[in-house]
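Q: Structure file run.txt (compact mmCIF, C-alpha atoms) is given on the next line.
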```
# COMPACT_ATOMS: atom_id res chain seq x y z
CA MET A 984 -19.02 21.91 -2.98
CA ALA A 985 -18.48 25.65 -3.24
CA PRO A 986 -20.57 26.98 -6.15
CA ASN A 987 -17.85 29.44 -7.21
CA LYS A 988 -15.09 26.86 -7.45
CA THR A 989 -13.14 26.90 -10.71
CA LEU A 990 -11.98 23.57 -12.00
CA ALA A 991 -8.65 23.25 -13.76
CA VAL A 992 -9.18 21.97 -17.29
CA ALA A 993 -6.60 19.41 -16.36
CA ALA A 994 -8.85 18.72 -13.56
CA VAL A 995 -12.43 18.23 -14.33
CA VAL A 996 -12.50 16.58 -10.91
CA ALA A 997 -11.70 12.87 -10.85
CA LEU A 998 -14.12 10.03 -10.96
CA SER A 999 -11.55 8.17 -8.89
CA ALA A 1000 -10.07 5.17 -7.92
CA MET A 1001 -12.57 2.49 -7.12
CA SER A 1002 -13.77 -0.50 -9.22
CA LEU A 1003 -16.26 -2.65 -11.03
CA ALA A 1004 -16.88 -6.11 -12.38
CA ALA A 1005 -18.30 -8.79 -14.64
CA CYS A 1006 -20.28 -8.69 -17.85
CA SER A 1007 -23.68 -7.59 -19.06
CA GLY A 1008 -26.51 -10.01 -19.42
CA GLY A 1009 -28.32 -10.75 -22.66
CA ASP A 1010 -29.93 -7.96 -24.66
CA ASP A 1011 -33.27 -9.67 -25.03
CA ASP A 1012 -34.59 -8.58 -21.65
CA LYS A 1013 -33.30 -5.00 -21.55
CA GLY A 1014 -36.52 -3.57 -22.81
CA GLY A 1015 -36.80 0.18 -22.37
CA SER A 1016 -40.15 0.66 -24.09
CA GLY A 1017 -42.46 0.25 -21.13
CA GLY A 1018 -42.03 -3.48 -20.71
CA ASN A 1019 -39.81 -5.33 -18.28
CA VAL A 1020 -36.25 -4.07 -18.20
CA THR A 1021 -33.14 -5.78 -16.79
CA MET A 1022 -29.91 -3.84 -16.42
CA GLN A 1023 -26.43 -4.87 -15.27
CA LEU A 1024 -24.57 -2.55 -12.88
CA TRP A 1025 -20.84 -2.86 -12.20
CA GLU A 1026 -19.51 -1.38 -8.98
CA ASN A 1027 -16.43 -1.80 -6.82
CA ALA A 1028 -17.65 -2.69 -3.33
CA THR A 1029 -17.14 -6.43 -3.03
CA THR A 1030 -17.99 -6.77 0.67
CA GLY A 1031 -19.40 -4.95 3.67
CA PRO A 1032 -21.62 -1.85 3.89
CA GLY A 1033 -20.69 -0.68 0.40
CA LYS A 1034 -21.94 -3.84 -1.24
CA ALA A 1035 -25.03 -3.72 0.98
CA PHE A 1036 -25.70 -0.16 -0.24
CA TRP A 1037 -25.80 -1.23 -3.88
CA ASP A 1038 -27.94 -4.28 -3.18
CA LYS A 1039 -30.46 -2.14 -1.32
CA ALA A 1040 -30.41 0.68 -3.89
CA ALA A 1041 -31.21 -1.80 -6.65
CA ALA A 1042 -33.94 -3.46 -4.60
CA ASP A 1043 -35.53 -0.14 -3.60
CA PHE A 1044 -35.49 1.11 -7.18
CA HIS A 1045 -37.19 -2.11 -8.28
CA THR A 1046 -39.87 -1.60 -5.61
CA ALA A 1047 -40.56 1.88 -6.96
CA HIS A 1048 -40.29 0.69 -10.59
CA PRO A 1049 -41.50 -2.95 -10.63
CA ASN A 1050 -40.73 -3.35 -14.33
CA VAL A 1051 -37.02 -2.55 -13.78
CA THR A 1052 -34.56 -5.10 -12.39
CA ILE A 1053 -30.94 -4.14 -11.73
CA LYS A 1054 -28.42 -6.94 -11.35
CA ILE A 1055 -25.37 -5.96 -9.31
CA GLN A 1056 -21.88 -7.27 -10.06
CA ALA A 1057 -18.81 -6.19 -8.09
CA VAL A 1058 -15.20 -6.19 -9.24
CA GLN A 1059 -12.08 -5.61 -7.17
CA ASN A 1060 -10.83 -2.09 -7.84
CA GLU A 1061 -7.53 -2.99 -9.47
CA ASP A 1062 -9.32 -5.22 -12.00
CA LEU A 1063 -11.74 -2.51 -13.06
CA ASP A 1064 -10.18 -0.71 -16.00
CA GLY A 1065 -9.04 -3.80 -17.87
CA LYS A 1066 -12.30 -5.71 -17.50
CA LEU A 1067 -14.42 -2.72 -18.36
CA GLN A 1068 -12.40 -1.85 -21.45
CA THR A 1069 -12.61 -5.44 -22.65
CA ALA A 1070 -16.37 -5.45 -22.15
CA LEU A 1071 -16.83 -2.11 -23.91
CA ASN A 1072 -14.70 -3.17 -26.86
CA SER A 1073 -16.50 -6.50 -27.22
CA GLY A 1074 -19.98 -4.98 -27.12
CA SER A 1075 -20.88 -6.75 -23.86
CA ALA A 1076 -20.58 -3.77 -21.54
CA PRO A 1077 -22.78 -3.41 -18.45
CA ASP A 1078 -25.63 -0.93 -18.75
CA ILE A 1079 -24.45 1.06 -15.72
CA PHE A 1080 -20.87 1.24 -14.48
CA LEU A 1081 -18.41 3.14 -12.32
CA GLN A 1082 -16.71 5.83 -14.36
CA ARG A 1083 -13.14 7.09 -13.85
CA GLY A 1084 -13.64 10.19 -15.97
CA GLY A 1085 -10.99 12.43 -17.50
CA GLY A 1086 -9.09 11.13 -20.51
CA LYS A 1087 -10.50 7.66 -19.94
CA MET A 1088 -14.07 8.88 -20.25
CA ALA A 1089 -13.18 11.08 -23.24
CA ALA A 1090 -11.79 8.01 -25.02
CA MET A 1091 -15.04 6.13 -24.37
CA VAL A 1092 -17.03 9.04 -25.75
CA GLU A 1093 -14.84 9.17 -28.85
CA ALA A 1094 -15.45 5.45 -29.37
CA ASP A 1095 -19.25 5.95 -29.04
CA GLN A 1096 -19.34 3.67 -26.00
CA LEU A 1097 -21.29 5.97 -23.65
CA LYS A 1098 -24.86 7.24 -23.67
CA ASP A 1099 -25.34 11.01 -23.86
CA ILE A 1100 -27.61 11.71 -20.87
CA THR A 1101 -27.51 15.52 -21.10
CA GLY A 1102 -31.24 15.81 -21.61
CA ASP A 1103 -32.04 13.17 -18.99
CA ILE A 1104 -30.65 14.97 -15.93
CA THR A 1105 -33.67 16.28 -14.06
CA ALA A 1106 -34.08 19.77 -12.67
CA GLU A 1107 -34.21 18.19 -9.21
CA SER A 1108 -30.82 16.55 -9.74
CA LYS A 1109 -29.28 19.78 -10.97
CA GLN A 1110 -30.62 21.62 -7.94
CA ALA A 1111 -29.45 18.91 -5.54
CA VAL A 1112 -25.79 18.76 -6.59
CA GLY A 1113 -25.06 21.93 -8.57
CA ASP A 1114 -23.45 22.58 -11.94
CA ALA A 1115 -19.86 22.35 -10.71
CA VAL A 1116 -20.30 18.74 -9.61
CA LEU A 1117 -22.14 17.75 -12.79
CA LYS A 1118 -19.32 19.18 -14.92
CA ALA A 1119 -17.13 16.39 -13.58
CA GLY A 1120 -19.17 14.00 -15.71
CA GLN A 1121 -19.10 16.05 -18.91
CA VAL A 1122 -17.13 15.96 -22.15
CA ASP A 1123 -17.45 18.97 -24.47
CA GLY A 1124 -20.41 20.21 -22.45
CA LYS A 1125 -22.40 16.98 -22.75
CA GLN A 1126 -23.25 14.78 -19.76
CA TYR A 1127 -21.90 11.22 -19.90
CA ALA A 1128 -21.65 10.41 -16.17
CA VAL A 1129 -23.24 11.37 -12.87
CA PRO A 1130 -20.89 11.92 -9.90
CA VAL A 1131 -22.15 10.33 -6.68
CA SER A 1132 -19.38 11.15 -4.22
CA ILE A 1133 -16.71 13.81 -3.64
CA LEU A 1134 -13.30 12.17 -3.31
CA PRO A 1135 -10.44 14.65 -2.81
CA GLY A 1136 -7.14 13.24 -1.61
CA GLY A 1137 -4.83 13.95 1.29
CA PHE A 1138 -3.33 12.30 4.35
CA TRP A 1139 -5.32 9.89 6.50
CA TYR A 1140 -3.64 9.43 9.87
CA SER A 1141 -3.94 7.96 13.33
CA LYS A 1142 -4.35 10.69 15.95
CA ASP A 1143 -3.23 8.26 18.66
CA LEU A 1144 0.00 7.36 16.85
CA PHE A 1145 0.76 11.01 16.13
CA LYS A 1146 0.31 11.82 19.80
CA LYS A 1147 2.42 8.85 20.89
CA ALA A 1148 5.23 9.95 18.58
CA GLY A 1149 5.11 13.51 19.86
CA VAL A 1150 3.61 15.05 16.70
CA THR A 1151 1.39 17.74 18.18
CA ALA A 1152 0.09 19.38 15.00
CA THR A 1153 -0.63 18.19 11.48
CA PRO A 1154 2.02 19.31 8.97
CA THR A 1155 1.29 22.32 6.76
CA THR A 1156 4.69 22.46 5.01
CA LEU A 1157 7.01 19.83 3.57
CA ASP A 1158 9.59 20.59 6.26
CA GLU A 1159 6.97 19.92 8.93
CA LEU A 1160 5.99 16.69 7.19
CA ASN A 1161 9.61 15.52 7.17
CA ALA A 1162 9.96 16.36 10.86
CA ALA A 1163 6.77 14.45 11.66
CA VAL A 1164 7.88 11.41 9.65
CA THR A 1165 11.18 11.33 11.55
CA LYS A 1166 9.30 11.10 14.86
CA LEU A 1167 6.80 8.57 13.54
CA LYS A 1168 9.55 6.31 12.19
CA ALA A 1169 11.30 6.44 15.57
CA ASN A 1170 8.00 5.28 17.08
CA GLY A 1171 7.93 2.32 14.66
CA THR A 1172 5.00 3.63 12.63
CA PRO A 1173 6.21 5.04 9.29
CA VAL A 1174 4.11 6.08 6.29
CA ALA A 1175 2.05 3.33 4.66
CA LEU A 1176 2.27 2.86 0.91
CA GLY A 1177 0.73 0.19 -1.32
CA ALA A 1178 3.10 0.51 -4.26
CA LYS A 1179 2.29 -2.97 -5.57
CA ASP A 1180 -0.78 -1.43 -7.20
CA ALA A 1181 1.32 1.37 -8.77
CA TRP A 1182 -1.27 4.16 -8.62
CA PRO A 1183 -0.96 4.72 -4.84
CA ALA A 1184 2.78 5.32 -5.28
CA ALA A 1185 2.10 7.60 -8.22
CA HIS A 1186 -0.21 9.68 -6.00
CA TRP A 1187 2.93 11.04 -4.38
CA TYR A 1188 4.17 12.35 -7.70
CA TYR A 1189 0.73 13.73 -8.51
CA PHE A 1190 0.65 15.80 -5.33
CA PHE A 1191 4.18 17.08 -5.68
CA ALA A 1192 3.21 18.10 -9.23
CA LEU A 1193 0.10 19.85 -7.90
CA ARG A 1194 2.39 21.98 -5.73
CA ALA A 1195 5.13 22.44 -8.36
CA CYS A 1196 2.95 23.23 -11.39
CA SER A 1197 0.65 26.21 -11.88
CA GLU A 1198 -2.96 25.73 -12.86
CA ALA A 1199 -2.01 26.87 -16.38
CA ALA A 1200 0.71 24.22 -16.57
CA LEU A 1201 -1.78 21.55 -15.49
CA ASP A 1202 -4.20 22.74 -18.17
CA ALA A 1203 -1.51 22.73 -20.86
CA ALA A 1204 -0.33 19.22 -19.99
CA ALA A 1205 -3.90 17.93 -19.99
CA LYS A 1206 -4.23 19.06 -23.61
CA SER A 1207 -0.78 18.11 -24.86
CA LYS A 1208 -0.30 15.02 -22.67
CA THR A 1209 3.38 15.90 -22.39
CA PHE A 1210 5.53 16.97 -19.46
CA ASN A 1211 7.56 19.75 -21.07
CA ASP A 1212 7.22 22.34 -18.32
CA PRO A 1213 10.16 22.31 -15.83
CA CYS A 1214 7.64 21.95 -12.99
CA TRP A 1215 7.21 18.26 -13.82
CA THR A 1216 10.92 17.69 -13.27
CA LYS A 1217 10.77 19.67 -10.02
CA ALA A 1218 7.92 17.41 -8.85
CA GLY A 1219 10.05 14.35 -9.54
CA ASN A 1220 13.05 15.81 -7.75
CA ASP A 1221 10.90 16.74 -4.74
CA LEU A 1222 9.52 13.20 -4.62
CA LYS A 1223 12.96 11.62 -4.88
CA ALA A 1224 14.30 13.83 -2.08
CA PHE A 1225 11.39 12.80 0.13
CA ALA A 1226 11.68 9.12 -0.77
CA ASP A 1227 15.42 9.20 -0.02
CA THR A 1228 14.55 9.79 3.64
CA GLN A 1229 13.02 6.28 3.62
CA PRO A 1230 9.65 7.37 5.00
CA PHE A 1231 7.65 4.31 3.95
CA THR A 1232 6.85 1.00 5.63
CA ASN A 1233 9.12 -1.96 4.99
CA GLY A 1234 8.12 -3.90 1.89
CA PHE A 1235 6.06 -1.06 0.44
CA LEU A 1236 6.93 -2.12 -3.11
CA THR A 1237 5.13 -5.46 -2.62
CA THR A 1238 2.30 -4.09 -0.46
CA SER A 1239 -1.18 -3.76 -1.97
CA ALA A 1240 -3.34 -0.74 -1.24
CA GLN A 1241 -6.68 -2.14 -0.17
CA GLN A 1242 -6.67 -5.91 0.07
CA GLY A 1243 -6.36 -7.42 3.53
CA ALA A 1244 -4.77 -6.50 6.86
CA GLY A 1245 -1.32 -6.33 5.27
CA SER A 1246 -2.36 -3.69 2.74
CA SER A 1247 -1.49 -0.04 3.26
CA ALA A 1248 -5.06 0.68 4.40
CA GLY A 1249 -4.89 -2.39 6.65
CA LEU A 1250 -1.69 -1.12 8.25
CA ILE A 1251 -3.49 2.11 9.14
CA ALA A 1252 -6.54 0.20 10.36
CA ASN A 1253 -4.42 -1.87 12.76
CA HIS A 1254 -2.04 0.90 13.89
CA LYS A 1255 0.98 -0.62 12.15
CA ALA A 1256 1.55 2.61 10.20
CA SER A 1257 0.81 6.23 11.02
CA MET A 1258 -0.68 7.63 7.81
CA GLU A 1259 -1.09 7.25 4.07
CA LEU A 1260 -1.71 9.53 1.12
CA MET A 1261 -4.98 8.49 -0.48
CA GLY A 1262 -8.34 9.63 -1.81
CA SER A 1263 -11.27 10.11 0.52
CA TRP A 1264 -12.67 6.68 -0.13
CA ASP A 1265 -9.95 5.56 2.29
CA PRO A 1266 -11.98 5.83 5.54
CA GLY A 1267 -14.42 3.23 4.26
CA VAL A 1268 -11.62 0.90 3.18
CA ILE A 1269 -9.82 1.35 6.50
CA ALA A 1270 -13.05 0.68 8.41
CA SER A 1271 -13.52 -2.60 6.55
CA LEU A 1272 -10.06 -3.73 7.70
CA THR A 1273 -10.19 -2.87 11.42
CA LYS A 1274 -10.51 -5.80 13.81
CA ASP A 1275 -14.19 -5.01 14.46
CA THR A 1276 -14.84 -3.76 10.88
CA LYS A 1277 -15.91 -0.40 12.28
CA PRO A 1278 -14.52 3.07 11.47
CA LEU A 1279 -11.13 3.77 13.04
CA PRO A 1280 -11.96 5.88 16.14
CA ASP A 1281 -8.84 8.05 15.98
CA LEU A 1282 -8.78 8.65 12.23
CA GLY A 1283 -7.87 12.16 11.08
CA PHE A 1284 -7.24 14.01 7.84
CA PHE A 1285 -4.98 16.81 6.64
CA PRO A 1286 -4.29 18.17 3.13
CA PHE A 1287 -1.01 17.71 1.29
CA PRO A 1288 1.35 20.38 2.66
CA ALA A 1289 2.83 23.38 0.89
CA VAL A 1290 6.12 22.81 -0.95
CA SER A 1291 8.59 25.66 -1.36
CA GLY A 1292 9.61 26.86 -4.81
CA GLY A 1293 6.52 25.67 -6.63
CA GLN A 1294 4.09 27.53 -8.87
CA GLY A 1295 0.97 25.71 -7.69
CA ASP A 1296 -1.42 27.20 -5.16
CA PRO A 1297 -0.69 25.57 -1.77
CA ALA A 1298 -4.43 25.26 -1.15
CA ALA A 1299 -5.17 23.45 -4.42
CA VAL A 1300 -6.70 20.01 -4.05
CA MET A 1301 -6.40 16.83 -6.10
CA GLY A 1302 -9.10 14.22 -6.28
CA GLY A 1303 -12.42 13.79 -7.92
CA ALA A 1304 -15.93 12.54 -7.75
CA ASP A 1305 -16.90 8.92 -8.21
CA GLY A 1306 -19.44 8.72 -11.01
CA TYR A 1307 -21.56 6.31 -13.00
CA SER A 1308 -22.23 6.13 -16.73
CA CYS A 1309 -24.71 4.41 -19.01
CA SER A 1310 -23.28 2.37 -21.86
CA ALA A 1311 -24.30 3.50 -25.34
CA GLN A 1312 -26.97 0.82 -25.76
CA ALA A 1313 -28.44 1.08 -22.24
CA PRO A 1314 -32.21 1.61 -22.02
CA LYS A 1315 -33.67 4.96 -20.96
CA GLU A 1316 -34.26 3.57 -17.47
CA CYS A 1317 -30.50 3.75 -16.90
CA ALA A 1318 -30.64 7.55 -16.67
CA ASP A 1319 -33.66 7.26 -14.36
CA PHE A 1320 -31.54 5.20 -11.99
CA LEU A 1321 -28.68 7.71 -12.12
CA ASN A 1322 -31.06 10.51 -11.14
CA TYR A 1323 -32.29 8.29 -8.31
CA LEU A 1324 -28.72 7.98 -7.02
CA LEU A 1325 -28.58 11.74 -6.56
CA THR A 1326 -31.64 11.99 -4.29
CA LYS A 1327 -31.06 12.99 -0.68
CA ASP A 1328 -31.99 9.72 1.06
CA VAL A 1329 -29.92 7.60 -1.34
CA GLN A 1330 -26.99 9.97 -0.97
CA VAL A 1331 -27.17 9.76 2.82
CA ALA A 1332 -27.19 5.98 2.51
CA TYR A 1333 -24.18 6.17 0.17
CA TYR A 1334 -22.28 8.27 2.69
CA LYS A 1335 -23.07 5.78 5.45
CA GLY A 1336 -22.19 2.81 3.29
CA PHE A 1337 -18.89 4.16 1.99
CA ASN A 1338 -17.91 6.63 4.71
CA SER A 1339 -17.46 9.11 1.87
CA LEU A 1340 -18.76 12.60 1.15
CA PRO A 1341 -22.05 12.73 -0.80
CA VAL A 1342 -22.52 15.14 -3.71
CA ASN A 1343 -26.09 16.03 -2.73
CA LYS A 1344 -25.77 19.29 -0.78
CA GLU A 1345 -28.61 18.45 1.61
CA ALA A 1346 -27.17 15.00 2.28
CA GLN A 1347 -23.86 16.61 3.29
CA GLY A 1348 -25.66 17.79 6.42
CA ALA A 1349 -25.70 14.17 7.61
CA VAL A 1350 -21.89 14.02 7.77
CA THR A 1351 -20.74 13.75 11.39
CA GLU A 1352 -17.10 12.59 11.22
CA ASP A 1353 -14.53 15.30 11.91
CA TYR A 1354 -12.18 13.93 9.27
CA LEU A 1355 -14.81 14.13 6.53
CA LYS A 1356 -15.70 17.65 7.64
CA ALA A 1357 -12.00 18.49 7.34
CA VAL A 1358 -11.99 17.08 3.80
CA LEU A 1359 -15.05 19.11 2.84
CA ASP A 1360 -13.51 22.24 4.35
CA ALA A 1361 -10.28 21.82 2.36
CA TYR A 1362 -12.26 21.06 -0.76
CA ASN A 1363 -14.51 24.09 -0.46
CA LYS A 1364 -11.54 26.39 0.21
CA ALA A 1365 -9.51 25.11 -2.74
CA PRO A 1366 -9.00 27.65 -5.55
CA TYR A 1367 -9.05 24.80 -8.06
CA VAL A 1368 -9.28 21.01 -8.07
CA SER A 1369 -7.10 18.79 -10.24
CA GLN A 1370 -8.21 15.29 -10.99
CA TRP A 1371 -5.89 12.31 -10.64
CA LEU A 1372 -3.22 12.59 -13.30
CA ASP A 1373 -3.55 9.04 -14.60
CA THR A 1374 -7.23 9.78 -15.15
CA VAL A 1375 -6.46 13.05 -16.93
CA TYR A 1376 -4.04 11.41 -19.35
CA GLY A 1377 -6.05 8.28 -20.13
CA GLN A 1378 -5.14 4.66 -19.69
CA ASN A 1379 -1.96 4.31 -21.77
CA VAL A 1380 -0.23 7.52 -20.68
CA GLY A 1381 -1.54 7.16 -17.13
CA ASN A 1382 -0.19 3.64 -16.80
CA ALA A 1383 3.20 4.74 -18.12
CA LEU A 1384 3.26 7.51 -15.53
CA ASN A 1385 2.33 5.20 -12.66
CA VAL A 1386 4.88 2.53 -13.56
CA SER A 1387 7.69 5.06 -14.00
CA VAL A 1388 7.03 6.51 -10.54
CA VAL A 1389 7.23 3.02 -9.00
CA ASN A 1390 10.51 2.46 -10.85
CA LEU A 1391 11.87 5.67 -9.32
CA LEU A 1392 10.90 4.58 -5.81
CA ALA A 1393 12.37 1.12 -6.45
CA GLY A 1394 15.70 2.56 -7.53
CA LYS A 1395 15.20 1.22 -11.05
CA GLY A 1396 14.50 4.57 -12.66
CA ASP A 1397 15.13 8.30 -12.35
CA VAL A 1398 13.27 11.58 -12.73
CA PRO A 1399 14.12 12.01 -16.44
CA GLY A 1400 12.72 8.50 -16.87
CA ILE A 1401 9.30 9.66 -15.65
CA ILE A 1402 9.25 12.52 -18.15
CA LYS A 1403 10.43 10.27 -21.00
CA ALA A 1404 7.93 7.50 -20.20
CA VAL A 1405 4.98 9.89 -20.30
CA ASN A 1406 6.11 11.72 -23.40
CA ASP A 1407 6.83 8.45 -25.24
CA ALA A 1408 3.42 7.04 -24.31
CA ALA A 1409 1.72 10.24 -25.47
CA LYS A 1410 3.40 9.97 -28.89
CA LYS A 1411 2.08 6.42 -29.29
CA GLY A 1412 -1.43 7.66 -28.57
```
Could you quickly redo this structure as structure tokens?

A:
Amino acid sequence: MAPNKTLAVAAVVALSAMSLAACSGGDDDKGGSGGNVTMQLWENATTGPGKAFWDKAAADFHTAHPNVTIKIQAVQNEDLDGKLQTALNSGSAPDIFLQRGGGKMAAMVEADQLKDITGDITAESKQAVGDAVLKAGQVDGKQYAVPVSILPGGFWYSKDLFKKAGVTATPTTLDELNAAVTKLKANGTPVALGAKDAWPAAHWYYFFALRACSEAALDAAAKSKTFNDPCWTKAGNDLKAFADTQPFTNGFLTTSAQQGAGSSAGLIANHKASMELMGSWDPGVIASLTKDTKPLPDLGFFPFPAVSGGQGDPAAVMGGADGYSCSAQAPKECADFLNYLLTKDVQVAYYKGFNSLPVNKEAQGAVTEDYLKAVLDAYNKAPYVSQWLDTVYGQNVGNALNVSVVNLLAGKGDVPGIIKAVNDAAKKG
């Protein structure tokens, strides 16, 4: 990550879109005073190399710290927020868990549900990842999460299908994107979208807003949680105009994002669709859904294109950094484990397990895939990074935003409906 990058306040870089599961064990064996310690960790990789990464990380940490046992529980991504919130509210939260960040993390901090680990981040960790990355896990200057992966969003596409359809260059403007989609549809491989899960459909609105709204407008909306600037309406109109060209795969409203061969990621994995707009965890998901469960050989990446008439910088990026937090009552060994996750060898293993960019700067040297290098290049060139809007606004407002975007795409709502839904949800708190 470029050390001089400025982060939009609206955009303290996301701790994006993956998942967690289950409930913490009993408190009687947590320890934390030199005796035996058992901690529960919730993460989102339910199968494959990602799950294997967490199992090995826990086992290796136990080998190095024989008194510490970490029990891994995985939850499907779409179940994460609800299960975690229930566990936090009931006092049975896991000790360590995947953190979305933004307004969601701020709400947890306000409810005293997270451990302040500001003084527990080692000098080695700070050196390894840099201040800009660590800020993604902060609220009011205090550290409540540790990012473990950089996850900016953009288009993941099949180079072979682009070539077959006669698309010779990746689009850099909206007009070029529309022209490419026309060719890809004629080839029988339109744009994949898993709108059943709501948030993947809402990503389209997020990115149009990133192009329509200035950094100042993003900052203002993050504070007010209202869409009063005209740019938010422009973003909706731009999305509707694009959606009216019918760019998406048949049945996109009932298609899930990440579950099975029929999901949007599965359609990319099996060359049934040409591309999808998604965060950079997508290569790992796609790889898990190919016929041989290996990375898609012809996978490519390009940033969301420039959109005319907007106030946003055309090079701005949206996304985040997956992070992990300690619950308020977690033992001190929780922070030790988070520092461990930032070490070079563990970060290289994370990259290999998830096919995702590590936050450790030395570990980034292990990245070989052209598409991940393209992501890192776009990220490092970005003048600012906005986090996912549903993360910025917190669960209630974010959910209202996501649902209203799906309603627009389904023909059951309109652009003013998006603005009203968000503003109404913000008033309710």

Q: Separation of atom CA of A:Thr1151 and atom CA of A:Phe1231, in Å?

A: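 Computing the Euclidean distance for atom CA of A:Thr1151 and atom CA of A:Phe1231 yields 20.5 Å.
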
Q: Give me the residues near stretch 1085-1094 of chain A as a PyMOL selection string, where near means some atom within 10 Å (using all atoms listed in the file) and where sequence neighbours in that chain fewer than 4 positions away do not count.

A: chain A and resi 992-999+1064+1068+1071-1072+1098-1099+1119-1123+1127-1128+1205-1206+1208+1303+1308+1310-1311+1370-1381

Q: Would you mind listing what lies within 9 Å of A:Leu1324 as a ChimeraX atom specification, with only C-alpha atoms counted and same-chain residues fewer than 3 positions away left out?

A: /A:1040,1129,1131,1319-1321,1327-1330,1333

Q: Hey, can you pull every residue with an atom no more than 8 Å from (-7.6, 13.9, -0.2), using all atoms listed in the file, and send it as a VMD selection string?

A: chain A and resid 1134 to 1138 1260 to 1263 1285 to 1287 1300 to 1302 1358

Q: Expressed in Å to a single decimal, how great is the separation between atom CA of A:Thr1209 and atom CA of A:His1186?

A: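 Computing it gives 17.9 Å between the two atoms.
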
Q: Got a sec: who's within 9 Å of A:Tyr1334, counting only C-alpha atoms, leaving out chain neighbours fewer than 2 positions off, as a list in words?

A: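 The filter keeps Ser1132, Val1329, Gln1330, Val1331, Ala1332, Gly1336, Phe1337, Asn1338, Ser1339, Leu1340, Pro1341, Ala1346, Gln1347, Ala1349 and Val1350 of chain A.
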
Q: Which residue out of A:Ala1192, A:Ser1271, A:Asn1019, A:Ile1055 has the minimum interatomic distance to A:Ala1042 when only C-alpha atoms are used?

A: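 Ranking A:Ala1192, A:Ser1271, A:Asn1019, A:Ile1055 by distance to A:Ala1042, first place goes to A:Ile1055.
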
Q: Of the residues A:Lys1054, A:Lys1179, A:Lys1335, A:Lys1403, which is the one nearest to A:Ala1270, using only C-alpha atoms?

A: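 With only C-alpha atoms as the atom set, the closest residue is A:Lys1335.
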
Q: Of the candidates A:Asn1343, A:Ser1291, A:Ser1075, A:Thr1021, which shows the shortest atom-to-atom distance to A:His1045, using only C-alpha atoms?

A: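 Looking only at the distances to A:His1045, the closest residue turns out to be A:Thr1021.
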
Q: Taking all atoms of stretch 1269-1278 of chain A that appear in the file, build a box with edges along x, y and z, extend it by 4 Å on every side, and state its centre and edge lengths in Å to one decimal, as lines of an AutoDock Vina configuration file.

A:
```
center_x = -12.9
center_y = -1.4
center_z = 10.5
size_x = 14.1
size_y = 16.9
size_z = 16.0
```

Q: Kindly indicate which residue among A:Leu1144, A:Ile1133, A:Leu1160, A:Leu1024 lies nearest to A:Asp1281, using all atoms listed in the file for the distances.

A: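 Under the stated criterion, the closest residue is A:Leu1144.
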
Q: Scan for residues within 12 Å of the point (-12.4, 24.6, 4.0) in the coordinates of the file, using all atoms listed in the file, and reply as an mmCIF file with C-alpha atoms, in the coordinates of the input.

A:
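Result file follows (point_25.cif):
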```
data_model
loop_
_atom_site.group_PDB
_atom_site.id
_atom_site.type_symbol
_atom_site.label_atom_id
_atom_site.label_comp_id
_atom_site.auth_asym_id
_atom_site.auth_seq_id
_atom_site.Cartn_x
_atom_site.Cartn_y
_atom_site.Cartn_z
ATOM 1 C CA MET A 984 -19.020 21.910 -2.980
ATOM 2 C CA ALA A 985 -18.480 25.650 -3.240
ATOM 3 C CA LYS A 988 -15.090 26.860 -7.450
ATOM 4 C CA PHE A 1285 -4.980 16.810 6.640
ATOM 5 C CA PRO A 1286 -4.290 18.170 3.130
ATOM 6 C CA ALA A 1298 -4.430 25.260 -1.150
ATOM 7 C CA ALA A 1299 -5.170 23.450 -4.420
ATOM 8 C CA VAL A 1300 -6.700 20.010 -4.050
ATOM 9 C CA TYR A 1354 -12.180 13.930 9.270
ATOM 10 C CA LEU A 1355 -14.810 14.130 6.530
ATOM 11 C CA LYS A 1356 -15.700 17.650 7.640
ATOM 12 C CA ALA A 1357 -12.000 18.490 7.340
ATOM 13 C CA VAL A 1358 -11.990 17.080 3.800
ATOM 14 C CA LEU A 1359 -15.050 19.110 2.840
ATOM 15 C CA ASP A 1360 -13.510 22.240 4.350
ATOM 16 C CA ALA A 1361 -10.280 21.820 2.360
ATOM 17 C CA TYR A 1362 -12.260 21.060 -0.760
ATOM 18 C CA ASN A 1363 -14.510 24.090 -0.460
ATOM 19 C CA LYS A 1364 -11.540 26.390 0.210
ATOM 20 C CA ALA A 1365 -9.510 25.110 -2.740
ATOM 21 C CA PRO A 1366 -9.000 27.650 -5.550
#
```

Q: What does the distance from atom CA of A:Thr1238 to atom CA of A:Asp1180 come to in Å, to one decimal?

A: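 Here the two named atoms are 7.9 Å from each other.
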
Q: Calculated over only C-alpha atoms, which of the candidates A:Lys1147, A:Lys1410, A:Lys1223, A:His1254 has the smallest distance to A:Leu1392?

A: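 When distances to A:Leu1392 are compared using only C-alpha atoms, the smallest one comes from A:Lys1223.
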
Q: Using only C-alpha atoms, can you tell me which of A:Trp1139, A:Phe1210, A:Tyr1367, A:Phe1191 comes closest to A:Ala1224?

A: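 Going through A:Trp1139, A:Phe1210, A:Tyr1367, A:Phe1191 one by one, the smallest distance to A:Ala1224 is for A:Phe1191.
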
Q: For A:Lys1109, list every protein, DNA or RNA residue within 12 Å, evaluated using all atoms listed in the file, and leave out those in the same chain fewer than 5 positions away; present the list as a VMD selection string.

A: chain A and resid 1101 to 1104 1114 to 1118 1126 1129 to 1130 1322 1325 to 1326 1342 to 1344

Q: When you look at A:Ser1239 with a cut-off of 7 Å (counting only C-alpha atoms), what residues show up, excluding the ones that are within fewer than 2 positions of it in the same chain? I need them as a count of residues only.

A: 9
